[in-house]
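Colleague: Quick one: structure below, then a few questions.
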Amino acid sequence: MATTRKLKLFNDPIYGFIRIPSNRLFDLISHPYFQRLRRISQMGMSYLVFPGAHHTRFHHALGSMHLMHQAIEVLRYKKVEITEKEADGLLCAILLHDIGHGPFSHAMEHSLVDGISHEELSLRFMQHLNEEFEGELSCAIEIFKGTYPKKFLNQLVSSQLDMDRLDYLKRDSFYTGVAEGNINAERLITMLNVVDGSLVIEEKGIYSVEKFLMARRFMYWQVYLHKTGIVAEQLLIRVLRRARELSAAGIDLPGSEALKYFLVNRVSRETFNKDMLQRFSSLDDVDVLSALKAWQHHSDFVLSELSKMILNRELLKVKVKDKPIGDKKMARMREDLTEDLGLNAGEADYFIFSGTIENRAYNHEKENINILMGNSRTVDVARASDHLNLDALSKIVTKHYICYPKKGVS
């Protein structure tokens with residue numbers, strides 16, 4: 001009797017058909033931990049600015065794995081040794097690199113679990129999966145941690161020019177409709193090579209690297225650090241903070257079991273255990289949105305107002321300046337608000353606050369993007385390029401913002 005072998009494919013709007021190279025990768029994608037990423041938005045609250053930005057971490061992880069598969073093939077073609085075990089480790093590491101993200105991705109990074117980054121949570125998920133998969137993810141974990149002996153393998157997963165960045169710039173540009181952020185990921189991957197164990201870009205690819213860095217700078221100012229997106233994320237952080245405050249005072253708030261657990265219990269790096277990891281794995285955007293829908297009717301003024309602002313997109317006013325906002329001005333605005341609405345100073349802080357944002361497209365102090373020149377020398381891209389702006393891209397640009405009610409709160 002004839003048997004049919006079904007190709008495991010995903011149809012992606014960016015790359016077309018994405019093939020799943022192995023059964024193990026398909027099993028990881030099928031795991032509930034990974035399926036949760038379908039319910040975690042890639043760009044947090046950015047859909048309030050760019051209506052199309054509803055894509056998920058699931059999309060991004062598959063796209064990054066697809067690019068990694070291409071990079072492995074290109075490097076092997078150029079006689080760079082990557083064993084089957086290493087190739088599998090690379091694909092598993094990049095597939096799972098964002099599995100630790102919580103609801104709305106970066107927007108709530110430290111709102112539910114204190115002091116643990118999404119990278120550390122990703123590592124804990126990978127270690128737990130490694131037990132389930134009987135040690136088959138050990139190589140992937142080494143690469144993810146950046147401790148694998150072959151440096152270029154670690155760089156493919158995390159560096160100034162990794163598969164993660166190549167996918168999210170191209171993908172976020174597509175879904176936001178911001179064409180200036182689009183990059184030629186395929187061209188960059190085709191130009192990859194390895195010299196002295198480190199990843200380099202061949203000289204012919206220098207203009208593609210310039211375009212990549214310029215696109216990254218543009219996407220940060222225009223999209224990731226868009227002032228409306230910032231105020232929406234800050235409101236989300238603050239509504240969770242208020243919910244925690246009320247929960248600590250013994251007020252029982254409506255919400256899913258998983259969300260209520262993290263509101264009531266202070267979870268930190270030191271106390272985080274397998275039970276908490278399991279609880280965290282059942283949290284996604286749906287928990288937060290359903291809570292906001294319930295909280296908008298709560299008797300607590302701060303909780304209900306913040307929830308309504310997010311749900312109805314009636315956000316605070318936000319101004320971005322080159323200089324820090326003066327303490328006297330902030331104090332005067334808080335005073336006015338407390339008088340107008342009868343709030344105390346602590347409650348006014350939920351509606352009037354300031355902060356800073358930073359943009360640095362190329363951090364050569366951390367790690368270089370090296371260009372392999374025709375004479376076999378490697379040179380940092382900022383030195384190899386005739387583009388005067390590349391030096392400027394390596395400087396940190398800091399701006400300051402202030403958020404406040406438009407005309408008092410409704």
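Simple scheme: letters A, B, ... for chains in structure tokens order, numbers from 1 for residues in each chain, numbers from 1 for ligands in the order shown.
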May I have the residues within 8 Å of segment 150-157 of chain A as a PyMOL selection string, using only C-alpha atoms and disregarding those fewer than 2 positions away in the same chain?

Modeller: chain A and resi 68+90+93-94+143-148+159+161-164+194+197-199

Colleague: Pull the helix (DSSP H, G or I) assignments for segment 110-140 of chain A out of DSSP run on the backbone, and list those residues as an NGL selection string.

Modeller: :A and (118-132 or 138-140)

Colleague: With a distance cut-off of 8 Å and only C-alpha atoms, select the neighbouring residues of Ser290 of chain A, excluding the residue or stretch itself and same-chain residues fewer than 4 positions from it, and output the selection as a list in words.

Modeller: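 Using only C-alpha atoms, the neighbours found are Gly255, Val286 and Ala294 of chain A.
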
Colleague: Just the selected residues (N, CA and C atoms), exported as a short mmCIF file (atom, residue, chain, number, x, y, z; two decimals), in the first residue's frame, please.

Modeller:
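The result, written out as part34.cif:
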```
data_model
loop_
_atom_site.label_atom_id
_atom_site.label_comp_id
_atom_site.auth_asym_id
_atom_site.auth_seq_id
_atom_site.Cartn_x
_atom_site.Cartn_y
_atom_site.Cartn_z
N GLY A 255 -10.42 38.67 36.14
CA GLY A 255 -9.30 38.34 35.27
C GLY A 255 -9.11 36.84 35.20
N VAL A 286 -4.73 37.86 25.06
CA VAL A 286 -6.16 37.70 25.35
C VAL A 286 -6.46 37.94 26.83
N ALA A 294 -13.05 44.27 31.36
CA ALA A 294 -13.76 44.19 32.64
C ALA A 294 -13.40 45.38 33.53
#
```

Colleague: Counting only C-alpha atoms, which residue out of A:Glu186, A:Tyr175, A:Lys78, A:Ser281 sits closest to His101 of chain A?

Modeller: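 Counting only C-alpha atoms, the residue closest to His101 of chain A is A:Ser281.
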
Colleague: Mind checking DSSP for segment 108-316 of chain A and telling me the strand (DSSP E) residues as a VMD selection string?

Modeller: chain A and resid 192 to 195 198 to 202

Colleague: Export N, CA and C atoms of the chosen residues as a CSV table (one decimal), in the first residue's frame?

Modeller:
```csv
chain,number,residue,atom,x,y,z
A,192,LEU,N,27.0,36.6,3.2
A,192,LEU,CA,27.6,36.1,4.4
A,192,LEU,C,28.8,35.3,4.1
A,193,ASN,N,29.8,35.4,5.0
A,193,ASN,CA,31.0,34.5,5.0
A,193,ASN,C,31.5,34.4,6.4
A,194,VAL,N,32.6,33.6,6.6
A,194,VAL,CA,33.2,33.4,7.9
A,194,VAL,C,34.7,33.6,7.7
A,195,VAL,N,35.3,34.5,8.5
A,195,VAL,CA,36.8,34.7,8.6
A,195,VAL,C,37.2,34.6,10.0
A,198,SER,N,34.6,34.2,12.7
A,198,SER,CA,33.6,35.2,12.9
A,198,SER,C,32.8,35.5,11.6
A,199,LEU,N,31.6,35.9,11.8
A,199,LEU,CA,30.8,36.2,10.6
A,199,LEU,C,31.2,37.6,10.0
A,200,VAL,N,31.3,37.6,8.7
A,200,VAL,CA,31.6,38.8,7.9
A,200,VAL,C,30.6,38.9,6.8
A,201,ILE,N,30.6,40.1,6.2
A,201,ILE,CA,29.9,40.4,4.9
A,201,ILE,C,30.9,40.7,3.8
A,202,GLU,N,30.7,40.0,2.7
A,202,GLU,CA,31.7,40.3,1.6
A,202,GLU,C,31.5,41.7,1.1
```

Colleague: Looking at only C-alpha atoms, which of A:Val264, A:Phe26, A:Ile82, A:Pro13 is the one that sits closest to Ala249 of chain A?

Modeller: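 Between A:Val264, A:Phe26, A:Ile82, A:Pro13, the residue approaching Ala249 of chain A most closely is A:Val264.
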
Colleague: Would you please work out which residue, of A:Leu277, A:Leu75, A:Met214, A:Leu289, is nearest to Ile189 of chain A when using only C-alpha atoms?

Modeller: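 Under the stated criterion, the closest residue is A:Leu75.
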
Colleague: By how many Å are atom CA of Thr398 of chain A and atom CA of Glu358 of chain A apart?

Modeller: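 Between atom CA of Thr398 of chain A and atom CA of Glu358 of chain A the gap works out to 4.5 Å.
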
Colleague: Please identify all polymer residues within 12 Å of segment 378-388 of chain A, counting only C-alpha atoms, omitting same-chain residues fewer than 2 positions from it, and present them as number ranges by chain.

Modeller: A: 160-161, 193-196, 198-214, 361-365, 367-376, 390-395

Colleague: Atom CA of Val231 of chain A and atom CA of Val318 of chain A are how many Å apart?

Modeller: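 For atom CA of Val231 of chain A relative to atom CA of Val318 of chain A, the distance reads 6.8 Å.
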
Colleague: Please measure the separation of atom CA of Arg24 of chain A and atom CA of Ile116 of chain A, giving the value in Å to one decimal.

Modeller: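 So the answer is 28.2 Å.
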
Colleague: If we count only C-alpha atoms, what is near Tyr15 of chain A at a cut-off of 10 Å, once residues fewer than 6 positions away on the same chain are taken out, given as a PyMOL selection string?

Modeller: chain A and resi 63+66-67+171+186

Colleague: Would you kindly return, as a list in words, each protein, DNA or RNA residue with an atom no farther than 7 Å from any atom of Ile18 of chain A, considering only C-alpha atoms and excluding same-chain residues fewer than 5 positions away?

Modeller: Leu9, Phe10, Asn11, Asp12 and His66 of chain A

Colleague: Could those residues be written to a file, using C-alpha atoms, as an mmCIF file, in the first residue's frame?

Modeller:
```cif
data_model
loop_
_atom_site.group_PDB
_atom_site.id
_atom_site.type_symbol
_atom_site.label_atom_id
_atom_site.label_comp_id
_atom_site.auth_asym_id
_atom_site.auth_seq_id
_atom_site.Cartn_x
_atom_site.Cartn_y
_atom_site.Cartn_z
ATOM 1 C CA LEU A 9 4.719 24.089 4.790
ATOM 2 C CA PHE A 10 3.576 27.471 6.053
ATOM 3 C CA ASN A 11 2.441 30.115 3.579
ATOM 4 C CA ASP A 12 4.099 33.383 4.590
ATOM 5 C CA HIS A 66 13.435 30.373 7.235
#
```

Colleague: Nearest to Tyr401 of chain A among A:His226, A:Val288, A:Phe272, A:Ser299, with distances taken over only C-alpha atoms: which residue is it?

Modeller: A:His226

Colleague: Which one is closest to Arg187 of chain A: A:Val74, A:Ile357, A:Leu343, A:Met65? Count only C-alpha atoms.

Modeller: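 Smallest separation from Arg187 of chain A among the options: A:Val74.
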
Colleague: Tell me which protein, DNA and RNA residues are within 12 Å of His54 of chain A, counting only C-alpha atoms, leaving out same-chain ones fewer than 5 positions away, and put them as a PyMOL selection string.

Modeller: chain A and resi 38-49+59-60+104+171-172+174-177+285
